[in-house]
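Source file: input-v8.pdb (PDB, C-alpha atoms and all ligand atoms)
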```pdb
ATOM      1  CA  MET Q 206     228.312-112.216  65.453  1.00  0.00           C
ATOM      2  CA  ALA Q 207     225.858-110.093  67.475  1.00  0.00           C
ATOM      3  CA  THR Q 208     226.551-106.374  67.621  1.00  0.00           C
ATOM      4  CA  ILE Q 209     227.132-104.581  70.915  1.00  0.00           C
ATOM      5  CA  PHE Q 210     223.677-102.999  70.547  1.00  0.00           C
ATOM      6  CA  THR Q 211     222.008-106.411  70.097  1.00  0.00           C
ATOM      7  CA  LYS Q 212     223.735-107.520  73.304  1.00  0.00           C
ATOM      8  CA  ILE Q 213     222.461-104.357  75.015  1.00  0.00           C
ATOM      9  CA  ALA Q 214     218.882-104.994  73.836  1.00  0.00           C
ATOM     10  CA  LYS Q 215     219.116-108.574  75.179  1.00  0.00           C
ATOM     11  CA  GLY Q 216     220.439-107.352  78.528  1.00  0.00           C
ATOM     12  CA  GLU Q 217     223.770-109.134  78.036  1.00  0.00           C
ATOM     13  CA  ILE Q 218     225.575-105.780  78.278  1.00  0.00           C
ATOM     14  CA  PRO Q 219     224.256-103.182  80.741  1.00  0.00           C
ATOM     15  CA  SER Q 220     222.602 -99.994  79.538  1.00  0.00           C
ATOM     16  CA  TYR Q 221     220.493 -97.146  80.886  1.00  0.00           C
ATOM     17  CA  LYS Q 222     217.131 -98.138  79.428  1.00  0.00           C
ATOM     18  CA  VAL Q 223     214.684 -95.347  78.633  1.00  0.00           C
ATOM     19  CA  ALA Q 224     211.998 -97.246  76.676  1.00  0.00           C
ATOM     20  CA  GLU Q 225     211.269-100.641  75.163  1.00  0.00           C
ATOM     21  CA  ASN Q 226     208.654-102.577  73.282  1.00  0.00           C
ATOM     22  CA  GLU Q 227     208.709-105.954  71.548  1.00  0.00           C
ATOM     23  CA  GLU Q 228     210.719-104.803  68.542  1.00  0.00           C
ATOM     24  CA  TYR Q 229     212.588-101.666  69.597  1.00  0.00           C
ATOM     25  CA  TYR Q 230     214.811-100.501  72.448  1.00  0.00           C
ATOM     26  CA  ALA Q 231     216.003 -97.063  73.594  1.00  0.00           C
ATOM     27  CA  PHE Q 232     218.871 -96.325  75.977  1.00  0.00           C
ATOM     28  CA  LEU Q 233     221.147 -93.464  76.955  1.00  0.00           C
ATOM     29  CA  ASP Q 234     224.248 -92.813  74.875  1.00  0.00           C
ATOM     30  CA  ILE Q 235     227.193 -93.563  77.144  1.00  0.00           C
ATOM     31  CA  ASN Q 236     229.058 -90.443  75.923  1.00  0.00           C
ATOM     32  CA  PRO Q 237     226.239 -87.951  75.455  1.00  0.00           C
ATOM     33  CA  LEU Q 238     226.311 -84.677  73.572  1.00  0.00           C
ATOM     34  CA  ALA Q 239     223.824 -83.444  76.181  1.00  0.00           C
ATOM     35  CA  PRO Q 240     222.223 -85.066  79.251  1.00  0.00           C
ATOM     36  CA  GLY Q 241     219.428 -87.321  77.988  1.00  0.00           C
ATOM     37  CA  HIS Q 242     221.079 -88.103  74.611  1.00  0.00           C
ATOM     38  CA  THR Q 243     219.300 -91.315  73.644  1.00  0.00           C
ATOM     39  CA  LEU Q 244     219.854 -94.055  71.068  1.00  0.00           C
ATOM     40  CA  VAL Q 245     216.907 -95.886  69.507  1.00  0.00           C
ATOM     41  CA  ILE Q 246     217.440 -99.276  67.857  1.00  0.00           C
ATOM     42  CA  PRO Q 247     215.549-102.157  66.280  1.00  0.00           C
ATOM     43  CA  LYS Q 248     216.172-105.231  68.466  1.00  0.00           C
ATOM     44  CA  ASN Q 249     216.226-107.909  65.816  1.00  0.00           C
ATOM     45  CA  VAL Q 250     217.588-106.199  62.720  1.00  0.00           C
ATOM     46  CA  GLU Q 251     221.277-105.442  62.786  1.00  0.00           C
ATOM     47  CA  ASP Q 252     221.708-103.937  59.323  1.00  0.00           C
ATOM     48  CA  ASP Q 253     223.998-100.992  59.882  1.00  0.00           C
ATOM     49  CA  TYR Q 254     222.390 -98.711  57.270  1.00  0.00           C
ATOM     50  CA  ILE Q 255     218.993 -97.340  58.210  1.00  0.00           C
ATOM     51  CA  PHE Q 256     217.853 -97.021  54.595  1.00  0.00           C
ATOM     52  CA  ASN Q 257     218.424-100.750  54.052  1.00  0.00           C
ATOM     53  CA  LEU Q 258     215.732-101.625  56.602  1.00  0.00           C
ATOM     54  CA  ASP Q 259     212.535-103.163  55.306  1.00  0.00           C
ATOM     55  CA  GLY Q 260     209.683-100.637  55.204  1.00  0.00           C
ATOM     56  CA  LYS Q 261     207.817-102.060  58.194  1.00  0.00           C
ATOM     57  CA  THR Q 262     210.856-102.062  60.498  1.00  0.00           C
ATOM     58  CA  TYR Q 263     211.854 -98.593  59.258  1.00  0.00           C
ATOM     59  CA  ALA Q 264     208.408 -97.074  59.876  1.00  0.00           C
ATOM     60  CA  GLY Q 265     208.117 -98.810  63.255  1.00  0.00           C
ATOM     61  CA  LEU Q 266     211.530 -97.533  64.319  1.00  0.00           C
ATOM     62  CA  TRP Q 267     210.564 -93.908  63.601  1.00  0.00           C
ATOM     63  CA  GLU Q 268     207.188 -94.268  65.307  1.00  0.00           C
ATOM     64  CA  PHE Q 269     208.897 -95.677  68.397  1.00  0.00           C
ATOM     65  CA  ALA Q 270     211.495 -92.853  68.234  1.00  0.00           C
ATOM     66  CA  ARG Q 271     208.662 -90.315  68.073  1.00  0.00           C
ATOM     67  CA  LYS Q 272     207.238 -91.579  71.361  1.00  0.00           C
ATOM     68  CA  VAL Q 273     210.666 -91.711  72.978  1.00  0.00           C
ATOM     69  CA  ALA Q 274     211.313 -88.112  71.849  1.00  0.00           C
ATOM     70  CA  LEU Q 275     208.052 -86.961  73.479  1.00  0.00           C
ATOM     71  CA  ALA Q 276     209.055 -88.700  76.709  1.00  0.00           C
ATOM     72  CA  LEU Q 277     212.575 -87.248  76.495  1.00  0.00           C
ATOM     73  CA  LYS Q 278     211.254 -83.695  76.030  1.00  0.00           C
ATOM     74  CA  ALA Q 279     208.912 -84.153  79.001  1.00  0.00           C
ATOM     75  CA  ALA Q 280     211.722 -85.441  81.233  1.00  0.00           C
ATOM     76  CA  VAL Q 281     214.670 -83.266  80.189  1.00  0.00           C
ATOM     77  CA  PRO Q 282     214.098 -79.511  79.848  1.00  0.00           C
ATOM     78  CA  CYS Q 283     215.065 -78.418  76.311  1.00  0.00           C
ATOM     79  CA  LYS Q 284     213.742 -76.367  73.413  1.00  0.00           C
ATOM     80  CA  ARG Q 285     213.247 -79.423  71.254  1.00  0.00           C
ATOM     81  CA  VAL Q 286     214.642 -82.859  70.570  1.00  0.00           C
ATOM     82  CA  GLY Q 287     217.037 -83.100  67.640  1.00  0.00           C
ATOM     83  CA  VAL Q 288     217.492 -86.204  65.498  1.00  0.00           C
ATOM     84  CA  ALA Q 289     220.590 -87.591  63.806  1.00  0.00           C
ATOM     85  CA  VAL Q 290     221.555 -90.821  62.079  1.00  0.00           C
ATOM     86  CA  LEU Q 291     225.295 -91.388  61.735  1.00  0.00           C
ATOM     87  CA  GLY Q 292     226.408 -94.972  62.246  1.00  0.00           C
ATOM     88  CA  MET Q 293     230.103 -94.159  61.893  1.00  0.00           C
ATOM     89  CA  GLU Q 294     231.010 -96.196  64.954  1.00  0.00           C
ATOM     90  CA  VAL Q 295     228.514 -98.957  65.748  1.00  0.00           C
ATOM     91  CA  PRO Q 296     227.313-101.169  62.847  1.00  0.00           C
ATOM     92  CA  HIS Q 297     223.728-101.573  64.048  1.00  0.00           C
ATOM     93  CA  THR Q 298     221.077 -99.095  62.876  1.00  0.00           C
ATOM     94  CA  HIS Q 299     220.356 -96.453  65.502  1.00  0.00           C
ATOM     95  CA  ILE Q 300     218.733 -93.034  65.735  1.00  0.00           C
ATOM     96  CA  HIS Q 301     220.254 -90.391  67.997  1.00  0.00           C
ATOM     97  CA  LEU Q 302     217.761 -88.224  69.941  1.00  0.00           C
ATOM     98  CA  VAL Q 303     219.480 -85.213  71.501  1.00  0.00           C
ATOM     99  CA  PRO Q 304     217.870 -82.578  73.761  1.00  0.00           C
ATOM    100  CA  LEU Q 305     218.600 -79.216  72.095  1.00  0.00           C
ATOM    101  CA  ASN Q 306     218.831 -75.730  73.459  1.00  0.00           C
ATOM    102  CA  SER Q 307     220.902 -74.421  70.584  1.00  0.00           C
ATOM    103  CA  GLU Q 308     222.034 -75.546  67.131  1.00  0.00           C
ATOM    104  CA  SER Q 309     225.483 -76.414  68.425  1.00  0.00           C
ATOM    105  CA  ASP Q 310     224.049 -79.081  70.751  1.00  0.00           C
ATOM    106  CA  LEU Q 311     223.875 -81.370  67.714  1.00  0.00           C
ATOM    107  CA  ASP Q 312     227.522 -80.928  66.760  1.00  0.00           C
ATOM    108  CA  PHE Q 313     229.056 -84.416  66.940  1.00  0.00           C
ATOM    109  CA  ARG Q 314     232.570 -82.933  66.731  1.00  0.00           C
ATOM    110  CA  LYS Q 315     232.303 -81.309  70.131  1.00  0.00           C
ATOM    111  CA  GLU Q 316     233.620 -82.954  73.271  1.00  0.00           C
ATOM    112  CA  LYS Q 317     231.198 -85.546  74.691  1.00  0.00           C
ATOM    113  CA  LEU Q 318     230.024 -85.532  78.297  1.00  0.00           C
ATOM    114  CA  SER Q 319     230.777 -88.187  80.842  1.00  0.00           C
ATOM    115  CA  LEU Q 320     228.078 -88.269  83.518  1.00  0.00           C
ATOM    116  CA  ASP Q 321     228.312 -90.411  86.627  1.00  0.00           C
ATOM    117  CA  GLY Q 322     226.253 -93.595  86.861  1.00  0.00           C
ATOM    118  CA  ASP Q 323     223.779 -92.242  89.403  1.00  0.00           C
ATOM    119  CA  ARG Q 324     223.010 -89.232  87.188  1.00  0.00           C
ATOM    120  CA  MET Q 325     222.616 -91.454  84.094  1.00  0.00           C
ATOM    121  CA  LYS Q 326     220.240 -93.746  85.996  1.00  0.00           C
ATOM    122  CA  GLU Q 327     218.237 -90.790  87.287  1.00  0.00           C
ATOM    123  CA  ILE Q 328     217.849 -89.352  83.763  1.00  0.00           C
ATOM    124  CA  ALA Q 329     216.974 -92.757  82.253  1.00  0.00           C
ATOM    125  CA  ASP Q 330     214.359 -93.469  84.916  1.00  0.00           C
ATOM    126  CA  SER Q 331     212.724 -90.076  84.446  1.00  0.00           C
ATOM    127  CA  ILE Q 332     212.448 -90.608  80.658  1.00  0.00           C
ATOM    128  CA  LEU Q 333     211.128 -94.156  81.205  1.00  0.00           C
ATOM    129  CA  SER Q 334     208.480 -92.893  83.576  1.00  0.00           C
ATOM    130  CA  GLU Q 335     207.329 -90.310  80.989  1.00  0.00           C
ATOM    131  CA  TYR Q 336     207.374 -92.986  78.260  1.00  0.00           C
ATOM    132  CA  GLU Q 337     205.094 -95.186  80.337  1.00  0.00           C
ATOM    133  CA  LYS Q 338     202.490 -92.377  80.395  1.00  0.00           C
ATOM    134  CA  ILE Q 339     202.298 -92.224  76.567  1.00  0.00           C
TER
HETATM  135  P1  LIG D 401     227.598 -93.670  65.590  1.00  0.00           P
HETATM  136  O1  LIG D 401     227.735 -95.134  65.225  1.00  0.00           O
HETATM  137  O2  LIG D 401     228.582 -92.791  64.877  1.00  0.00           O
HETATM  138  O3  LIG D 401     226.182 -93.177  65.429  1.00  0.00           O
HETATM  139  O4  LIG D 401     227.959 -93.525  67.141  1.00  0.00           O
HETATM  140  C1  LIG D 401     227.649 -94.559  68.061  1.00  0.00           C
HETATM  141  C2  LIG D 401     227.214 -93.961  69.372  1.00  0.00           C
HETATM  142  O5  LIG D 401     227.015 -95.040  70.282  1.00  0.00           O
HETATM  143  C3  LIG D 401     228.220 -93.007  70.030  1.00  0.00           C
HETATM  144  O6  LIG D 401     227.566 -91.776  70.328  1.00  0.00           O
HETATM  145  C4  LIG D 401     228.650 -93.755  71.311  1.00  0.00           C
HETATM  146  O7  LIG D 401     228.867 -92.878  72.404  1.00  0.00           O
HETATM  147  C5  LIG D 401     227.490 -94.682  71.558  1.00  0.00           C
HETATM  148  N1  LIG D 401     227.833 -95.926  72.248  1.00  0.00           N
HETATM  149  C6  LIG D 401     228.821 -96.789  71.929  1.00  0.00           C
HETATM  150  N2  LIG D 401     228.831 -97.835  72.788  1.00  0.00           N
HETATM  151  C7  LIG D 401     227.816 -97.620  73.652  1.00  0.00           C
HETATM  152  C8  LIG D 401     227.304 -98.332  74.772  1.00  0.00           C
HETATM  153  N3  LIG D 401     227.839 -99.496  75.183  1.00  0.00           N
HETATM  154  N4  LIG D 401     226.253 -97.815  75.457  1.00  0.00           N
HETATM  155  C9  LIG D 401     225.701 -96.643  75.062  1.00  0.00           C
HETATM  156  N5  LIG D 401     226.139 -95.916  74.010  1.00  0.00           N
HETATM  157  C10 LIG D 401     227.181 -96.402  73.323  1.00  0.00           C
END
```
In structure tokens, write the structure found in this file.
Amino acid sequence: MATIFTKIAKGEIPSYKVAENEEYYAFLDINPLAPGHTLVIPKNVEDDYIFNLDGKTYAGLWEFARKVALALKAAVPCKRVGVAVLGMEVPHTHIHLVPLNSESDLDFRKEKLSLDGDRMKEIADSILSEYEKI
């Protein structure tokens, strides 16, 4: 059965898209640690453990994430973009990209934000527009 993230990549479940190419998709985390918190996924490989990916998909995922992180930093003011791979909840490989202003911004135990739809769309569109310049 397809994972929720596969359905998102196919457009069957809505998401706030921030970047896409043929093989990879990036969208805002619905419960962000910080505004702009983004998830990056391979579209066609559902394996839930990133280190099980074949080398080509793995390298391509990180290269795509690198570009998304540059776009994210350009769109959302922050000191740098932090990276995390957890996979405790959704069984489909994904990389978290989180705008950081302090170390504690990457603490997954802290209470998540809930931003309204208009704000999420505004953030996603601004990242997408930076991504399209790369
Ligand atoms: P983890 O699997 O532990 O890396 O966490 C999964 C992440 O996916 C969490 O940060 C969730 O907020 C996020 N998430 C779950 N469902 C959705 C969704 N439908 N759209 C966007 N983000 C989601």
(request) I would like the residues chosen by the PyMOL selection byres (((chain Q and resi 223) around 8) and not hetatm) on the shown file; could you give them as a PyMOL selection string? (result) chain Q and resi 221-222+224-225+231-233+243+273+329-330+332-333+336
(message) What would the selection look like, as a ChimeraX atom specification, if the PyMOL selection byres (((not hetatm)) within 9 of (chain D and resi 401)) were run on the coordinates I just shared?
(response) /Q:209-210,213,218-221,232-238,242-244,253,289-301,313,317
Could you write out that same residue set with C-alpha atoms as a PDB file, in the coordinates of the input?
```pdb
ATOM      1  CA  ILE Q 209     227.132-104.581  70.915  1.00  0.00           C
ATOM      2  CA  PHE Q 210     223.677-102.999  70.547  1.00  0.00           C
ATOM      3  CA  ILE Q 213     222.461-104.357  75.015  1.00  0.00           C
ATOM      4  CA  ILE Q 218     225.575-105.780  78.278  1.00  0.00           C
ATOM      5  CA  PRO Q 219     224.256-103.182  80.741  1.00  0.00           C
ATOM      6  CA  SER Q 220     222.602 -99.994  79.538  1.00  0.00           C
ATOM      7  CA  TYR Q 221     220.493 -97.146  80.886  1.00  0.00           C
ATOM      8  CA  PHE Q 232     218.871 -96.325  75.977  1.00  0.00           C
ATOM      9  CA  LEU Q 233     221.147 -93.464  76.955  1.00  0.00           C
ATOM     10  CA  ASP Q 234     224.248 -92.813  74.875  1.00  0.00           C
ATOM     11  CA  ILE Q 235     227.193 -93.563  77.144  1.00  0.00           C
ATOM     12  CA  ASN Q 236     229.058 -90.443  75.923  1.00  0.00           C
ATOM     13  CA  PRO Q 237     226.239 -87.951  75.455  1.00  0.00           C
ATOM     14  CA  LEU Q 238     226.311 -84.677  73.572  1.00  0.00           C
ATOM     15  CA  HIS Q 242     221.079 -88.103  74.611  1.00  0.00           C
ATOM     16  CA  THR Q 243     219.300 -91.315  73.644  1.00  0.00           C
ATOM     17  CA  LEU Q 244     219.854 -94.055  71.068  1.00  0.00           C
ATOM     18  CA  ASP Q 253     223.998-100.992  59.882  1.00  0.00           C
ATOM     19  CA  ALA Q 289     220.590 -87.591  63.806  1.00  0.00           C
ATOM     20  CA  VAL Q 290     221.555 -90.821  62.079  1.00  0.00           C
ATOM     21  CA  LEU Q 291     225.295 -91.388  61.735  1.00  0.00           C
ATOM     22  CA  GLY Q 292     226.408 -94.972  62.246  1.00  0.00           C
ATOM     23  CA  MET Q 293     230.103 -94.159  61.893  1.00  0.00           C
ATOM     24  CA  GLU Q 294     231.010 -96.196  64.954  1.00  0.00           C
ATOM     25  CA  VAL Q 295     228.514 -98.957  65.748  1.00  0.00           C
ATOM     26  CA  PRO Q 296     227.313-101.169  62.847  1.00  0.00           C
ATOM     27  CA  HIS Q 297     223.728-101.573  64.048  1.00  0.00           C
ATOM     28  CA  THR Q 298     221.077 -99.095  62.876  1.00  0.00           C
ATOM     29  CA  HIS Q 299     220.356 -96.453  65.502  1.00  0.00           C
ATOM     30  CA  ILE Q 300     218.733 -93.034  65.735  1.00  0.00           C
ATOM     31  CA  HIS Q 301     220.254 -90.391  67.997  1.00  0.00           C
ATOM     32  CA  PHE Q 313     229.056 -84.416  66.940  1.00  0.00           C
ATOM     33  CA  LYS Q 317     231.198 -85.546  74.691  1.00  0.00           C
TER      34      LYS Q 317
END
```
(message) What's the separation between CA of Asp312 (chain Q) and CA of Tyr230 (chain Q), in Å to one decimal place?
(response)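 According to the coordinates, CA of Asp312 (chain Q) and CA of Tyr230 (chain Q) are separated by 24.0 Å.
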(request) Please indicate the distance in Å from CA of Glu335 (chain Q) to CA of Gly287 (chain Q), rounded to one decimal place. (result)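 Atom-to-atom, CA of Glu335 (chain Q) and CA of Gly287 (chain Q) are spaced 18.0 Å apart.
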(message) Please report the interatomic distance between CA of Trp267 (chain Q) and CA of Gly216 (chain Q) in Å with one decimal.
(response)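 Rounded to one decimal, the two atoms are 22.4 Å apart.
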Compute the distance from (216.5, -80.5, 72.1) to each atom, counting only C-alpha atoms, keep the residues with any atom at most 10 Å away, and return them as a PDB file with C-alpha atoms, in the frame of the given file; use the coordinates of the file.
```pdb
ATOM      1  CA  ALA Q 239     223.824 -83.444  76.181  1.00  0.00           C
ATOM      2  CA  GLY Q 241     219.428 -87.321  77.988  1.00  0.00           C
ATOM      3  CA  HIS Q 242     221.079 -88.103  74.611  1.00  0.00           C
ATOM      4  CA  ALA Q 274     211.313 -88.112  71.849  1.00  0.00           C
ATOM      5  CA  LEU Q 277     212.575 -87.248  76.495  1.00  0.00           C
ATOM      6  CA  LYS Q 278     211.254 -83.695  76.030  1.00  0.00           C
ATOM      7  CA  VAL Q 281     214.670 -83.266  80.189  1.00  0.00           C
ATOM      8  CA  PRO Q 282     214.098 -79.511  79.848  1.00  0.00           C
ATOM      9  CA  CYS Q 283     215.065 -78.418  76.311  1.00  0.00           C
ATOM     10  CA  LYS Q 284     213.742 -76.367  73.413  1.00  0.00           C
ATOM     11  CA  ARG Q 285     213.247 -79.423  71.254  1.00  0.00           C
ATOM     12  CA  VAL Q 286     214.642 -82.859  70.570  1.00  0.00           C
ATOM     13  CA  GLY Q 287     217.037 -83.100  67.640  1.00  0.00           C
ATOM     14  CA  VAL Q 288     217.492 -86.204  65.498  1.00  0.00           C
ATOM     15  CA  LEU Q 302     217.761 -88.224  69.941  1.00  0.00           C
ATOM     16  CA  VAL Q 303     219.480 -85.213  71.501  1.00  0.00           C
ATOM     17  CA  PRO Q 304     217.870 -82.578  73.761  1.00  0.00           C
ATOM     18  CA  LEU Q 305     218.600 -79.216  72.095  1.00  0.00           C
ATOM     19  CA  ASN Q 306     218.831 -75.730  73.459  1.00  0.00           C
ATOM     20  CA  SER Q 307     220.902 -74.421  70.584  1.00  0.00           C
ATOM     21  CA  GLU Q 308     222.034 -75.546  67.131  1.00  0.00           C
ATOM     22  CA  ASP Q 310     224.049 -79.081  70.751  1.00  0.00           C
ATOM     23  CA  LEU Q 311     223.875 -81.370  67.714  1.00  0.00           C
TER      24      LEU Q 311
END
```
Show me that you can extract region 207-224 of chain Q, keeping N, CA, C and O atoms, and write it as a PDB file, in the first residue's frame.
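Okay, this is what ended up in out_28.pdb:
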```pdb
ATOM      1  N   ALA Q 207       0.471   2.261  -0.783  1.00  0.00           N
ATOM      2  CA  ALA Q 207       1.280   3.492  -0.886  1.00  0.00           C
ATOM      3  C   ALA Q 207       1.318   4.228   0.450  1.00  0.00           C
ATOM      4  O   ALA Q 207       0.321   4.267   1.180  1.00  0.00           O
ATOM      5  N   THR Q 208       2.461   4.823   0.749  1.00  0.00           N
ATOM      6  CA  THR Q 208       2.560   5.608   1.980  1.00  0.00           C
ATOM      7  C   THR Q 208       1.877   6.962   1.779  1.00  0.00           C
ATOM      8  O   THR Q 208       1.638   7.399   0.648  1.00  0.00           O
ATOM      9  N   ILE Q 209       1.625   7.631   2.887  1.00  0.00           N
ATOM     10  CA  ILE Q 209       1.019   8.974   2.818  1.00  0.00           C
ATOM     11  C   ILE Q 209       1.921   9.932   2.025  1.00  0.00           C
ATOM     12  O   ILE Q 209       1.421  10.781   1.282  1.00  0.00           O
ATOM     13  N   PHE Q 210       3.247   9.736   2.114  1.00  0.00           N
ATOM     14  CA  PHE Q 210       4.140  10.644   1.388  1.00  0.00           C
ATOM     15  C   PHE Q 210       4.139  10.337  -0.114  1.00  0.00           C
ATOM     16  O   PHE Q 210       4.306  11.248  -0.930  1.00  0.00           O
ATOM     17  N   THR Q 211       3.949   9.077  -0.498  1.00  0.00           N
ATOM     18  CA  THR Q 211       3.798   8.767  -1.926  1.00  0.00           C
ATOM     19  C   THR Q 211       2.538   9.437  -2.456  1.00  0.00           C
ATOM     20  O   THR Q 211       2.527  10.025  -3.544  1.00  0.00           O
ATOM     21  N   LYS Q 212       1.463   9.373  -1.665  1.00  0.00           N
ATOM     22  CA  LYS Q 212       0.204  10.010  -2.096  1.00  0.00           C
ATOM     23  C   LYS Q 212       0.380  11.522  -2.207  1.00  0.00           C
ATOM     24  O   LYS Q 212      -0.177  12.157  -3.101  1.00  0.00           O
ATOM     25  N   ILE Q 213       1.174  12.103  -1.308  1.00  0.00           N
ATOM     26  CA  ILE Q 213       1.452  13.543  -1.379  1.00  0.00           C
ATOM     27  C   ILE Q 213       2.219  13.857  -2.657  1.00  0.00           C
ATOM     28  O   ILE Q 213       1.879  14.783  -3.395  1.00  0.00           O
ATOM     29  N   ALA Q 214       3.259  13.068  -2.942  1.00  0.00           N
ATOM     30  CA  ALA Q 214       4.082  13.323  -4.144  1.00  0.00           C
ATOM     31  C   ALA Q 214       3.249  13.201  -5.414  1.00  0.00           C
ATOM     32  O   ALA Q 214       3.504  13.888  -6.406  1.00  0.00           O
ATOM     33  N   LYS Q 215       2.235  12.322  -5.398  1.00  0.00           N
ATOM     34  CA  LYS Q 215       1.371  12.136  -6.577  1.00  0.00           C
ATOM     35  C   LYS Q 215       0.247  13.169  -6.638  1.00  0.00           C
ATOM     36  O   LYS Q 215      -0.552  13.172  -7.576  1.00  0.00           O
ATOM     37  N   GLY Q 216       0.131  13.990  -5.595  1.00  0.00           N
ATOM     38  CA  GLY Q 216      -0.936  14.988  -5.575  1.00  0.00           C
ATOM     39  C   GLY Q 216      -2.276  14.423  -5.128  1.00  0.00           C
ATOM     40  O   GLY Q 216      -3.313  15.090  -5.244  1.00  0.00           O
ATOM     41  N   GLU Q 217      -2.275  13.194  -4.617  1.00  0.00           N
ATOM     42  CA  GLU Q 217      -3.543  12.590  -4.171  1.00  0.00           C
ATOM     43  C   GLU Q 217      -3.955  13.113  -2.794  1.00  0.00           C
ATOM     44  O   GLU Q 217      -5.113  13.037  -2.406  1.00  0.00           O
ATOM     45  N   ILE Q 218      -2.948  13.590  -2.044  1.00  0.00           N
ATOM     46  CA  ILE Q 218      -3.183  14.237  -0.748  1.00  0.00           C
ATOM     47  C   ILE Q 218      -2.528  15.611  -0.854  1.00  0.00           C
ATOM     48  O   ILE Q 218      -1.411  15.719  -1.363  1.00  0.00           O
ATOM     49  N   PRO Q 219      -3.223  16.674  -0.422  1.00  0.00           N
ATOM     50  CA  PRO Q 219      -2.647  18.011  -0.597  1.00  0.00           C
ATOM     51  C   PRO Q 219      -1.404  18.240   0.245  1.00  0.00           C
ATOM     52  O   PRO Q 219      -1.233  17.627   1.308  1.00  0.00           O
ATOM     53  N   SER Q 220      -0.527  19.104  -0.250  1.00  0.00           N
ATOM     54  CA  SER Q 220       0.661  19.485   0.513  1.00  0.00           C
ATOM     55  C   SER Q 220       1.063  20.886   0.072  1.00  0.00           C
ATOM     56  O   SER Q 220       0.588  21.386  -0.944  1.00  0.00           O
ATOM     57  N   TYR Q 221       1.941  21.497   0.858  1.00  0.00           N
ATOM     58  CA  TYR Q 221       2.497  22.802   0.497  1.00  0.00           C
ATOM     59  C   TYR Q 221       3.842  22.550  -0.174  1.00  0.00           C
ATOM     60  O   TYR Q 221       4.872  22.422   0.483  1.00  0.00           O
ATOM     61  N   LYS Q 222       3.789  22.447  -1.511  1.00  0.00           N
ATOM     62  CA  LYS Q 222       4.995  22.099  -2.274  1.00  0.00           C
ATOM     63  C   LYS Q 222       6.020  23.225  -2.244  1.00  0.00           C
ATOM     64  O   LYS Q 222       5.669  24.383  -2.454  1.00  0.00           O
ATOM     65  N   VAL Q 223       7.297  22.860  -2.026  1.00  0.00           N
ATOM     66  CA  VAL Q 223       8.346  23.874  -2.092  1.00  0.00           C
ATOM     67  C   VAL Q 223       9.346  23.599  -3.226  1.00  0.00           C
ATOM     68  O   VAL Q 223      10.066  24.512  -3.627  1.00  0.00           O
ATOM     69  N   ALA Q 224       9.396  22.379  -3.732  1.00  0.00           N
ATOM     70  CA  ALA Q 224      10.299  22.061  -4.840  1.00  0.00           C
ATOM     71  C   ALA Q 224       9.959  20.666  -5.360  1.00  0.00           C
ATOM     72  O   ALA Q 224       9.417  19.833  -4.624  1.00  0.00           O
TER      73      ALA Q 224
END
```
